[in-house]
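**Q** My structure is stored as start.csv, with CSV, C-alpha atoms (C1' of nucleotides).
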```
chain,number,residue,atom,x,y,z
A,1,MET,CA,64.2,58.2,84.4
A,2,THR,CA,67.4,59.9,83.7
A,3,ASP,CA,70.8,58.7,84.7
A,4,VAL,CA,71.0,61.3,87.3
A,5,LYS,CA,69.5,59.5,90.2
A,6,THR,CA,70.7,62.0,92.7
A,7,ARG,CA,73.2,59.7,94.2
A,8,ALA,CA,74.9,62.8,95.2
A,9,GLY,CA,78.5,61.9,96.1
A,10,ALA,CA,79.8,64.7,98.3
A,11,LEU,CA,77.8,67.6,99.7
A,12,SER,CA,78.8,69.3,96.5
A,13,THR,CA,81.0,68.5,93.6
A,14,ARG,CA,83.8,70.6,92.2
A,15,GLU,CA,81.6,71.5,89.3
A,16,HIS,CA,78.6,72.4,91.3
A,17,PRO,CA,79.5,73.7,94.7
A,18,HIS,CA,76.6,74.0,97.2
A,19,LEU,CA,75.1,77.3,98.2
A,20,GLY,CA,77.3,77.7,101.3
A,21,VAL,CA,80.5,77.3,99.2
A,22,LEU,CA,79.2,79.8,96.7
A,23,LEU,CA,78.4,82.3,99.4
A,24,SER,CA,81.8,82.1,101.0
A,25,ARG,CA,83.6,82.4,97.7
A,26,ALA,CA,81.6,85.5,96.7
A,27,GLN,CA,82.3,87.0,100.1
A,28,ARG,CA,85.9,86.3,100.1
A,29,LEU,CA,86.2,87.6,96.5
A,30,LEU,CA,84.5,90.8,97.5
A,31,TYR,CA,86.6,91.4,100.6
A,32,ASP,CA,89.9,90.6,98.8
A,33,ARG,CA,89.1,93.2,96.1
A,34,LEU,CA,88.0,95.7,98.8
A,35,LEU,CA,91.2,95.3,100.7
A,36,GLU,CA,93.2,95.7,97.5
A,37,ARG,CA,91.6,99.0,97.0
A,38,PHE,CA,92.2,100.1,100.5
A,39,ALA,CA,95.8,99.2,100.1
A,40,ALA,CA,96.0,101.0,96.8
A,41,ALA,CA,94.7,104.1,98.4
A,42,GLY,CA,97.4,104.0,101.1
A,43,PHE,CA,95.5,102.2,103.8
A,44,ALA,CA,97.4,99.0,103.6
A,45,ASP,CA,97.2,98.3,107.4
A,46,LEU,CA,93.5,97.6,107.3
A,47,ARG,CA,92.6,94.0,107.8
A,48,TYR,CA,89.6,91.8,107.1
A,49,ALA,CA,88.2,92.0,110.6
A,50,HIS,CA,88.3,95.8,110.7
A,51,GLY,CA,85.3,95.6,108.4
A,52,GLY,CA,83.3,94.9,111.5
A,53,VAL,CA,84.0,98.4,112.6
A,54,PHE,CA,83.8,100.3,109.3
A,55,SER,CA,80.6,98.5,108.3
A,56,PHE,CA,78.7,99.6,111.4
A,57,LEU,CA,80.2,102.8,112.7
A,58,PRO,CA,78.0,105.8,111.9
A,59,GLU,CA,79.5,109.2,111.3
A,60,SER,CA,78.0,110.5,114.5
A,61,GLY,CA,79.9,108.0,116.5
A,62,ILE,CA,78.6,105.2,118.7
A,63,ARG,CA,79.2,103.4,122.0
A,64,LEU,CA,81.3,100.3,121.9
A,65,THR,CA,78.5,98.1,123.2
A,66,ALA,CA,76.1,99.3,120.6
A,67,LEU,CA,78.7,98.9,117.9
A,68,ALA,CA,79.3,95.3,119.0
A,69,GLU,CA,75.6,94.6,118.9
A,70,ARG,CA,75.3,95.9,115.3
A,71,ALA,CA,78.2,93.8,114.2
A,72,ARG,CA,76.8,90.8,116.1
A,73,MET,CA,79.8,90.2,118.2
A,74,THR,CA,80.8,90.5,121.9
A,75,LYS,CA,81.9,93.9,123.3
A,76,GLN,CA,85.2,92.4,124.2
A,77,SER,CA,86.0,91.4,120.6
A,78,MET,CA,84.8,94.7,119.3
A,79,GLY,CA,86.9,96.4,122.0
A,80,GLU,CA,90.0,94.8,120.6
A,81,LEU,CA,89.2,95.8,117.0
A,82,VAL,CA,88.5,99.4,118.1
A,83,ARG,CA,91.7,99.5,120.2
A,84,ASP,CA,93.6,98.3,117.2
A,85,LEU,CA,92.1,100.9,114.8
A,86,GLU,CA,92.7,103.5,117.4
A,87,SER,CA,96.4,102.7,117.5
A,88,LEU,CA,96.4,102.9,113.7
A,89,GLY,CA,94.7,106.3,113.8
A,90,TYR,CA,91.4,105.4,112.1
A,91,VAL,CA,89.1,106.0,115.1
A,92,GLU,CA,89.2,107.7,118.4
A,93,ARG,CA,87.4,107.4,121.7
A,94,ARG,CA,86.1,110.3,123.6
A,95,GLN,CA,84.2,110.5,126.8
A,96,ASP,CA,80.4,110.5,126.4
A,97,PRO,CA,79.2,113.8,128.0
A,98,ALA,CA,75.9,112.2,128.8
A,99,ASP,CA,77.1,109.1,130.6
A,100,GLY,CA,80.3,108.8,132.7
A,101,ARG,CA,80.5,105.1,132.1
A,102,ALA,CA,80.5,105.3,128.4
A,103,ARG,CA,82.8,106.5,125.6
A,104,ILE,CA,82.0,107.4,122.0
A,105,VAL,CA,83.9,105.6,119.3
A,106,ALA,CA,84.1,107.8,116.2
A,107,PHE,CA,86.2,108.2,113.0
A,108,THR,CA,89.2,110.4,112.9
A,109,ALA,CA,89.8,112.5,109.8
A,110,LYS,CA,91.9,109.6,108.5
A,111,GLY,CA,89.3,107.1,109.3
A,112,ALA,CA,86.6,109.1,107.5
A,113,ARG,CA,88.8,109.3,104.4
A,114,ALA,CA,89.3,105.5,104.5
A,115,ASN,CA,85.6,105.0,105.0
A,116,GLU,CA,84.9,107.1,102.0
A,117,ILE,CA,87.3,105.0,99.9
A,118,GLY,CA,85.5,101.9,101.2
A,119,VAL,CA,82.1,103.3,100.3
A,120,ARG,CA,83.2,104.1,96.8
A,121,ALA,CA,85.0,100.8,96.3
A,122,LEU,CA,82.0,98.8,97.3
A,123,ARG,CA,79.7,100.8,95.1
A,124,ASN,CA,82.1,100.5,92.2
A,125,LEU,CA,82.6,96.7,92.7
A,126,GLU,CA,78.9,96.2,92.8
A,127,PHE,CA,78.6,98.2,89.6
A,128,GLU,CA,81.4,96.3,87.8
A,129,TRP,CA,80.1,93.0,88.9
A,130,GLY,CA,76.6,93.9,87.8
A,131,ARG,CA,77.9,94.6,84.3
A,132,GLN,CA,79.0,91.1,84.0
A,133,LEU,CA,75.6,89.8,84.8
A,134,ALA,CA,72.3,90.0,83.0
A,135,SER,CA,70.6,93.2,83.6
A,136,GLY,CA,69.0,93.7,87.0
A,137,ARG,CA,70.7,90.6,88.4
A,138,MET,CA,72.8,92.5,90.9
A,139,ALA,CA,69.8,94.3,92.3
A,140,GLN,CA,68.0,91.0,92.6
A,141,LEU,CA,71.0,89.5,94.4
A,142,ARG,CA,70.9,92.2,97.0
A,143,ALA,CA,67.1,91.9,97.3
A,144,THR,CA,67.2,88.2,97.6
A,145,LEU,CA,69.9,88.2,100.3
A,146,GLU,CA,68.1,90.9,102.2
A,147,THR,CA,64.9,88.9,102.2
A,148,LEU,CA,66.7,85.8,103.3
A,149,THR,CA,68.7,87.4,106.1
A,150,ASP,CA,65.7,89.4,107.3
A,151,VAL,CA,63.5,86.4,107.6
A,152,GLY,CA,66.1,84.2,109.1
A,153,ALA,CA,64.1,81.6,107.3
A,154,THR,CA,63.4,78.1,108.4
B,155,MET,CA,68.3,116.4,92.9
B,156,THR,CA,67.0,114.4,95.7
B,157,ASP,CA,67.8,114.8,99.3
B,158,VAL,CA,69.8,111.7,99.2
B,159,LYS,CA,73.2,113.1,98.3
B,160,THR,CA,74.9,109.9,99.0
B,161,ARG,CA,76.7,111.3,101.9
B,162,ALA,CA,76.8,107.7,103.0
B,163,GLY,CA,77.8,107.6,106.7
B,164,ALA,CA,79.3,104.3,107.3
B,165,LEU,CA,80.1,101.7,104.8
B,166,SER,CA,76.6,100.5,105.3
B,167,THR,CA,73.8,101.4,107.7
B,168,ARG,CA,71.9,99.1,109.9
B,169,GLU,CA,68.9,99.3,107.6
B,170,HIS,CA,70.9,98.7,104.4
B,171,PRO,CA,73.9,96.5,105.0
B,172,HIS,CA,76.4,96.3,102.2
B,173,LEU,CA,76.8,93.3,100.0
B,174,GLY,CA,79.6,91.8,102.1
B,175,VAL,CA,77.5,91.9,105.2
B,176,LEU,CA,74.6,90.3,103.4
B,177,LEU,CA,76.8,87.6,102.1
B,178,SER,CA,78.2,86.7,105.5
B,179,ARG,CA,74.9,86.8,107.2
B,180,ALA,CA,73.3,84.5,104.6
B,181,GLN,CA,76.3,82.1,104.9
B,182,ARG,CA,76.2,82.1,108.6
B,183,LEU,CA,72.5,81.5,108.6
B,184,LEU,CA,72.8,78.6,106.3
B,185,TYR,CA,75.6,76.9,108.2
B,186,ASP,CA,73.9,77.4,111.6
B,187,ARG,CA,70.8,75.7,110.2
B,188,LEU,CA,72.9,72.9,108.7
B,189,LEU,CA,74.7,72.2,111.9
B,190,GLU,CA,71.4,72.2,113.8
B,191,ARG,CA,70.2,69.4,111.4
B,192,PHE,CA,73.4,67.5,111.8
B,193,ALA,CA,73.0,67.7,115.6
B,194,ALA,CA,69.4,66.6,115.4
B,195,ALA,CA,70.4,63.6,113.4
B,196,GLY,CA,72.9,62.6,116.1
B,197,PHE,CA,76.0,64.1,114.6
B,198,ALA,CA,76.5,66.8,117.2
B,199,ASP,CA,80.3,66.6,117.1
B,200,LEU,CA,80.5,68.1,113.6
B,201,ARG,CA,81.9,71.6,113.5
B,202,TYR,CA,81.8,74.4,111.1
B,203,ALA,CA,85.2,73.8,109.7
B,204,HIS,CA,84.5,70.1,108.9
B,205,GLY,CA,82.4,71.4,106.0
B,206,GLY,CA,85.7,71.9,104.2
B,207,VAL,CA,86.0,68.1,104.2
B,208,PHE,CA,82.4,67.1,103.6
B,209,SER,CA,81.9,69.7,100.9
B,210,PHE,CA,84.7,68.3,98.7
B,211,LEU,CA,85.3,64.7,99.6
B,212,PRO,CA,83.9,62.5,96.7
B,213,GLU,CA,82.5,59.0,97.5
B,214,SER,CA,85.4,57.4,95.7
B,215,GLY,CA,87.8,58.9,98.2
B,216,ILE,CA,90.6,61.4,97.4
B,217,ARG,CA,94.2,62.2,98.3
B,218,LEU,CA,94.8,64.7,101.1
B,219,THR,CA,96.6,67.1,98.8
B,220,ALA,CA,93.9,67.1,96.2
B,221,LEU,CA,91.2,67.6,98.9
B,222,ALA,CA,93.1,70.6,100.2
B,223,GLU,CA,93.3,72.1,96.8
B,224,ARG,CA,89.6,71.7,96.2
B,225,ALA,CA,88.8,73.3,99.5
B,226,ARG,CA,91.4,76.0,98.8
B,227,MET,CA,93.5,75.6,101.9
B,228,THR,CA,96.9,74.2,102.8
B,229,LYS,CA,97.4,70.4,103.0
B,230,GLN,CA,98.5,70.9,106.6
B,231,SER,CA,95.2,72.5,107.6
B,232,MET,CA,93.3,69.9,105.7
B,233,GLY,CA,95.4,67.3,107.4
B,234,GLU,CA,94.3,68.4,110.8
B,235,LEU,CA,90.6,68.5,109.8
B,236,VAL,CA,90.9,65.0,108.4
B,237,ARG,CA,92.7,63.7,111.5
B,238,ASP,CA,90.0,65.1,113.6
B,239,LEU,CA,87.2,63.6,111.5
B,240,GLU,CA,89.1,60.3,111.5
B,241,SER,CA,89.2,60.2,115.3
B,242,LEU,CA,85.5,61.0,115.3
B,243,GLY,CA,84.9,58.1,113.0
B,244,TYR,CA,83.6,59.9,109.9
B,245,VAL,CA,86.5,59.3,107.6
B,246,GLU,CA,89.3,56.8,107.3
B,247,ARG,CA,92.7,56.8,105.5
B,248,ARG,CA,94.0,53.8,103.6
B,249,GLN,CA,97.1,53.3,101.6
B,250,ASP,CA,96.9,54.3,98.0
B,251,PRO,CA,97.7,51.0,96.1
B,252,ALA,CA,98.9,53.0,93.1
B,253,ASP,CA,101.3,55.3,95.0
B,254,GLY,CA,103.3,54.4,98.1
B,255,ARG,CA,103.6,58.0,99.1
B,256,ALA,CA,99.9,58.7,99.1
B,257,ARG,CA,96.9,57.7,101.2
B,258,ILE,CA,93.3,57.9,100.2
B,259,VAL,CA,90.9,59.7,102.5
B,260,ALA,CA,87.3,58.3,102.3
B,261,PHE,CA,84.1,58.3,104.2
B,262,THR,CA,83.4,55.5,106.7
B,263,ALA,CA,79.8,54.1,106.8
B,264,LYS,CA,79.1,56.7,109.5
B,265,GLY,CA,80.6,59.4,107.5
B,266,ALA,CA,78.5,58.5,104.5
B,267,ARG,CA,75.4,58.6,106.6
B,268,ALA,CA,76.3,62.0,107.9
B,269,ASN,CA,77.0,63.2,104.4
B,270,GLU,CA,73.6,62.0,103.2
B,271,ILE,CA,72.0,64.0,106.0
B,272,GLY,CA,74.0,67.0,104.9
B,273,VAL,CA,73.0,66.6,101.2
B,274,ARG,CA,69.4,66.4,102.2
B,275,ALA,CA,69.5,69.3,104.6
B,276,LEU,CA,71.1,71.6,102.1
B,277,ARG,CA,68.5,70.6,99.4
B,278,ASN,CA,65.7,71.1,101.9
B,279,LEU,CA,67.0,74.4,103.1
B,280,GLU,CA,67.4,75.7,99.6
B,281,PHE,CA,63.8,74.6,98.9
B,282,GLU,CA,62.4,76.1,102.0
B,283,TRP,CA,64.2,79.4,101.4
B,284,GLY,CA,63.1,79.4,97.8
B,285,ARG,CA,59.5,79.2,98.9
B,286,GLN,CA,59.9,82.5,100.8
B,287,LEU,CA,61.1,84.2,97.7
B,288,ALA,CA,59.5,85.1,94.4
B,289,SER,CA,59.5,82.2,92.0
B,290,GLY,CA,62.8,81.4,90.4
B,291,ARG,CA,64.7,83.7,92.7
B,292,MET,CA,66.6,80.9,94.4
B,293,ALA,CA,67.7,79.5,91.1
B,294,GLN,CA,68.8,82.9,90.1
B,295,LEU,CA,70.7,83.4,93.3
B,296,ARG,CA,72.7,80.2,92.6
B,297,ALA,CA,73.3,81.2,89.0
B,298,THR,CA,74.4,84.7,89.9
B,299,LEU,CA,76.8,83.5,92.6
B,300,GLU,CA,78.2,80.9,90.2
B,301,THR,CA,78.9,83.5,87.6
B,302,LEU,CA,80.5,85.9,90.0
B,303,THR,CA,82.7,83.3,91.6
B,304,ASP,CA,83.6,81.8,88.3
B,305,VAL,CA,84.7,85.0,86.7
B,306,GLY,CA,86.4,86.3,89.8
B,307,ALA,CA,85.2,89.5,88.3
B,308,THR,CA,87.1,92.7,88.0
C,309,DA,C1',72.0,105.1,150.2
C,310,DA,C1',71.7,100.5,149.0
C,311,DA,C1',70.5,97.4,145.2
C,312,DT,C1',70.7,96.6,140.6
C,313,DG,C1',72.0,97.2,136.1
C,314,DT,C1',75.0,99.1,132.3
C,315,DC,C1',79.8,100.3,130.2
C,316,DG,C1',84.0,98.8,129.2
C,317,DT,C1',88.4,96.2,130.3
C,318,DC,C1',91.4,92.3,131.9
C,319,DA,C1',92.6,87.6,131.8
C,320,DG,C1',92.6,83.5,129.7
C,321,DG,C1',90.8,80.3,126.4
C,322,DT,C1',89.5,78.1,121.5
C,323,DT,C1',89.0,77.6,116.5
C,324,DA,C1',90.6,77.8,112.1
C,325,DC,C1',93.6,78.7,109.7
C,326,DC,C1',99.0,79.7,108.0
C,327,DT,C1',104.5,79.2,107.2
C,328,DT,C1',108.7,76.7,107.5
C,329,DA,C1',111.0,72.5,107.6
C,330,DC,C1',111.6,67.8,106.8
C,331,DG,C1',111.6,62.6,106.1
C,332,DG,C1',109.7,59.1,102.9
C,333,DT,C1',108.4,57.7,97.8
C,334,DT,C1',108.1,58.0,93.1
C,335,DT,C1',109.4,59.5,88.7
C,336,DC,C1',112.2,61.5,85.4
C,337,DG,C1',116.5,62.4,82.7
C,338,DC,C1',120.5,60.6,81.4
D,339,DG,C1',119.8,51.8,86.9
D,340,DC,C1',120.8,55.9,89.5
D,341,DG,C1',121.1,60.4,91.1
D,342,DA,C1',118.1,64.7,90.9
D,343,DA,C1',113.9,66.6,91.2
D,344,DA,C1',109.2,66.4,92.3
D,345,DC,C1',105.5,65.0,95.1
D,346,DC,C1',103.0,63.1,99.6
D,347,DG,C1',102.1,63.9,104.0
D,348,DT,C1',103.5,65.2,109.0
D,349,DA,C1',105.7,68.0,112.7
D,350,DA,C1',106.4,72.2,115.0
D,351,DG,C1',105.2,76.6,115.9
D,352,DG,C1',102.7,80.9,115.0
D,353,DT,C1',98.7,84.2,114.2
D,354,DA,C1',94.0,86.2,113.6
D,355,DA,C1',89.6,86.5,115.0
D,356,DC,C1',86.8,85.4,117.7
D,357,DC,C1',84.7,83.6,122.7
D,358,DT,C1',83.5,83.2,128.2
D,359,DG,C1',84.0,84.7,133.0
D,360,DA,C1',85.1,88.1,136.2
D,361,DC,C1',85.4,92.7,137.7
D,362,DG,C1',85.7,97.7,138.8
D,363,DA,C1',83.6,102.2,137.6
D,364,DC,C1',79.6,104.7,137.0
D,365,DA,C1',74.1,105.3,136.6
D,366,DT,C1',69.6,104.6,137.7
D,367,DT,C1',66.0,102.9,140.5
D,368,DT,C1',63.6,102.8,144.7
```
Could you show the structure in this file as structure tokens?
**A**
Amino acid sequence: MTDVKTRAGALSTREHPHLGVLLSRAQRLLYDRLLERFAAAGFADLRYAHGGVFSFLPESGIRLTALAERARMTKQSMGELVRDLESLGYVERRQDPADGRARIVAFTAKGARANEIGVRALRNLEFEWGRQLASGRMAQLRATLETLTDVGAT
Amino acid sequence: MTDVKTRAGALSTREHPHLGVLLSRAQRLLYDRLLERFAAAGFADLRYAHGGVFSFLPESGIRLTALAERARMTKQSMGELVRDLESLGYVERRQDPADGRARIVAFTAKGARANEIGVRALRNLEFEWGRQLASGRMAQLRATLETLTDVGAT
DNA sequence: AAATGTCGTCAGGTTACCTTACGGTTTCGC
DNA sequence: GCGAAACCGTAAGGTAACCTGACGACATTT
């Protein structure tokens, strides 16, 4: 019988935030760092939401509808992101030769360069963060999150 | 020299989403489940953003400005959330006897009940998710995220 | 060649924040 | 004590990042 009778004031305390708070903070931290690195590399006009495009656009290009599905958002919303990135010169849209209705969204040369920066920055951040943790913990973090998001558990 | 020359197409592929994607998915999954449980318990009018209040409001009540700081948002934004929850009957504001400028935001009886549901749901979800992972992994997930968000690494 | 379905856009919300400005209180320095 | 500075909360207005509904252009099916 300890004194800690789990009377649990708020959902979480300032000292011990709950899992949701921890997840948002980690995510925000990661994206802030990532955007800093984009900016430092000369791509200061990239915004948080553009990640939805960069994160799911394959080098070979992809249709808007498919891209939206991957990013788990509506085609309308993705359409706006793509239009925005197009006007900034990161992606372009060309007619799909195989289907008159469709167009293929793909990186421009500039977009590919930015993407490369992003890939490196993410790898680098993961490495740096991993060094501040006990050995193997970063790999376990990834694995744990993959399992949880795969299962879509209870 | 493997075949995997890290030509890394997009920031991440559909099969191997990057850390940021994993973090958002886990977070979204968690909050969706949490809101489902609130709804099932009769608190269907609670929205995602209300978490900013529930997550940081102590039983003893707190000033708006302090609450906003804890949740890391502006007092204006927090003010709107609190006003909303007040009109829904979850919190109330009373004059701070110690300071004429300030008012204390605190749970109503209804709010305290909802908070209790939330505390339990989070504990339960963490437990259920933990069962689908190797032993000790959920605890490690928390610990790892705490370390990362504490440090605000690199 | 008509019905039906898919691709993307247009129009018009909503949510969840933010900045600037300000009107009341308290506290602090003198 | 008394003006200056600091703090508490609100008001007003804006923006980013989504969403739904409707539709016109093209494809596929039958």
**Q** For chain C, which residue among A:Ala143, A:Ala102, A:Ile117, A:Ala134 is the nearest when counting only C-alpha atoms (C1' of nucleotides)?
**A** A:Ala102
**Q** Given the choices B:Ala275, B:Ile216, B:Ala222, B:Leu299, which gets closest to chain A if the distance is worked out from only C-alpha atoms?
**A**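 Residue with the minimum atom-to-atom distance to chain A: B:Leu299.
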**Q** With a cut-off of 12 Å, could you pull out the residues of range 26-85 of chain A touching range 346-364 of chain D and give me the nearest pair of atoms for each, distance in Å to one decimal, using all atoms listed in the file, ordered by chain and ascending number, as JSON lines?
**A**
```
{"residue": "A:Arg47", "atom": "CA", "partner": "D:DA354", "partner_atom": "C1'", "distance": 9.8}
{"residue": "A:Tyr48", "atom": "CA", "partner": "D:DA355", "partner_atom": "C1'", "distance": 9.5}
{"residue": "A:Ala49", "atom": "CA", "partner": "D:DA355", "partner_atom": "C1'", "distance": 7.2}
{"residue": "A:His50", "atom": "CA", "partner": "D:DA355", "partner_atom": "C1'", "distance": 10.3}
{"residue": "A:Gly52", "atom": "CA", "partner": "D:DA355", "partner_atom": "C1'", "distance": 11.1}
{"residue": "A:Arg72", "atom": "CA", "partner": "D:DC356", "partner_atom": "C1'", "distance": 11.5}
{"residue": "A:Met73", "atom": "CA", "partner": "D:DC356", "partner_atom": "C1'", "distance": 8.5}
{"residue": "A:Thr74", "atom": "CA", "partner": "D:DC357", "partner_atom": "C1'", "distance": 8.0}
{"residue": "A:Lys75", "atom": "CA", "partner": "D:DC357", "partner_atom": "C1'", "distance": 10.7}
{"residue": "A:Gln76", "atom": "CA", "partner": "D:DC357", "partner_atom": "C1'", "distance": 8.9}
{"residue": "A:Ser77", "atom": "CA", "partner": "D:DC356", "partner_atom": "C1'", "distance": 6.7}
{"residue": "A:Met78", "atom": "CA", "partner": "D:DC356", "partner_atom": "C1'", "distance": 9.6}
{"residue": "A:Gly79", "atom": "CA", "partner": "D:DC356", "partner_atom": "C1'", "distance": 11.8}
{"residue": "A:Glu80", "atom": "CA", "partner": "D:DA355", "partner_atom": "C1'", "distance": 10.0}
{"residue": "A:Leu81", "atom": "CA", "partner": "D:DA355", "partner_atom": "C1'", "distance": 9.5}
```
**Q** Starting from the incomplete input, reconstruct N, CA and C atoms of range 254-278 of chain B and write that as an mmCIF file, in the coordinates of the input.
**A**
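Okay, selection04.cif is ready:
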```cif
data_model
loop_
_atom_site.group_PDB
_atom_site.id
_atom_site.type_symbol
_atom_site.label_atom_id
_atom_site.label_comp_id
_atom_site.auth_asym_id
_atom_site.auth_seq_id
_atom_site.Cartn_x
_atom_site.Cartn_y
_atom_site.Cartn_z
ATOM 1 N N GLY B 254 102.868 54.666 96.728
ATOM 2 C CA GLY B 254 103.300 54.400 98.100
ATOM 3 C C GLY B 254 103.423 55.640 98.974
ATOM 4 N N ARG B 255 103.530 56.786 98.332
ATOM 5 C CA ARG B 255 103.600 58.000 99.100
ATOM 6 C C ARG B 255 102.264 58.433 99.663
ATOM 7 N N ALA B 256 101.244 58.114 98.877
ATOM 8 C CA ALA B 256 99.900 58.700 99.100
ATOM 9 C C ALA B 256 98.986 57.773 99.897
ATOM 10 N N ARG B 257 97.991 58.393 100.498
ATOM 11 C CA ARG B 257 96.900 57.700 101.200
ATOM 12 C C ARG B 257 95.605 58.247 100.676
ATOM 13 N N ILE B 258 94.569 57.411 100.716
ATOM 14 C CA ILE B 258 93.300 57.900 100.200
ATOM 15 C C ILE B 258 92.355 58.158 101.418
ATOM 16 N N VAL B 259 91.827 59.348 101.441
ATOM 17 C CA VAL B 259 90.900 59.700 102.500
ATOM 18 C C VAL B 259 89.469 59.372 101.933
ATOM 19 N N ALA B 260 88.682 58.667 102.731
ATOM 20 C CA ALA B 260 87.300 58.300 102.300
ATOM 21 C C ALA B 260 86.374 58.247 103.466
ATOM 22 N N PHE B 261 85.091 58.360 103.178
ATOM 23 C CA PHE B 261 84.100 58.300 104.200
ATOM 24 C C PHE B 261 84.033 56.863 104.801
ATOM 25 N N THR B 262 83.772 56.761 106.096
ATOM 26 C CA THR B 262 83.400 55.500 106.700
ATOM 27 C C THR B 262 81.872 55.369 106.476
ATOM 28 N N ALA B 263 81.294 54.279 106.946
ATOM 29 C CA ALA B 263 79.800 54.100 106.800
ATOM 30 C C ALA B 263 79.143 55.266 107.580
ATOM 31 N N LYS B 264 79.648 55.573 108.754
ATOM 32 C CA LYS B 264 79.100 56.700 109.500
ATOM 33 C C LYS B 264 79.198 57.991 108.794
ATOM 34 N N GLY B 265 80.368 58.224 108.220
ATOM 35 C CA GLY B 265 80.600 59.400 107.500
ATOM 36 C C GLY B 265 79.637 59.569 106.290
ATOM 37 N N ALA B 266 79.408 58.453 105.617
ATOM 38 C CA ALA B 266 78.500 58.500 104.500
ATOM 39 C C ALA B 266 77.096 58.787 104.901
ATOM 40 N N ARG B 267 76.717 58.271 106.064
ATOM 41 C CA ARG B 267 75.400 58.600 106.600
ATOM 42 C C ARG B 267 75.265 60.071 106.887
ATOM 43 N N ALA B 268 76.267 60.602 107.550
ATOM 44 C CA ALA B 268 76.300 62.000 107.900
ATOM 45 C C ALA B 268 76.218 62.863 106.599
ATOM 46 N N ASN B 269 76.985 62.444 105.635
ATOM 47 C CA ASN B 269 77.000 63.200 104.400
ATOM 48 C C ASN B 269 75.642 63.188 103.712
ATOM 49 N N GLU B 270 74.983 62.066 103.783
ATOM 50 C CA GLU B 270 73.600 62.000 103.200
ATOM 51 C C GLU B 270 72.683 62.973 103.897
ATOM 52 N N ILE B 271 72.793 63.034 105.233
ATOM 53 C CA ILE B 271 72.000 64.000 106.000
ATOM 54 C C ILE B 271 72.300 65.419 105.501
ATOM 55 N N GLY B 272 73.565 65.700 105.316
ATOM 56 C CA GLY B 272 74.000 67.000 104.900
ATOM 57 C C GLY B 272 73.425 67.371 103.501
ATOM 58 N N VAL B 273 73.520 66.427 102.598
ATOM 59 C CA VAL B 273 73.000 66.600 101.200
ATOM 60 C C VAL B 273 71.522 66.966 101.293
ATOM 61 N N ARG B 274 70.803 66.166 102.056
ATOM 62 C CA ARG B 274 69.400 66.400 102.200
ATOM 63 C C ARG B 274 69.038 67.707 102.821
ATOM 64 N N ALA B 275 69.759 68.020 103.892
ATOM 65 C CA ALA B 275 69.500 69.300 104.600
ATOM 66 C C ALA B 275 69.704 70.460 103.722
ATOM 67 N N LEU B 276 70.777 70.430 102.959
ATOM 68 C CA LEU B 276 71.100 71.600 102.100
ATOM 69 C C LEU B 276 69.979 71.683 101.005
ATOM 70 N N ARG B 277 69.595 70.568 100.441
ATOM 71 C CA ARG B 277 68.500 70.600 99.400
ATOM 72 C C ARG B 277 67.258 71.144 100.017
ATOM 73 N N ASN B 278 66.962 70.649 101.209
ATOM 74 C CA ASN B 278 65.700 71.100 101.900
ATOM 75 C C ASN B 278 65.754 72.540 102.244
#
```
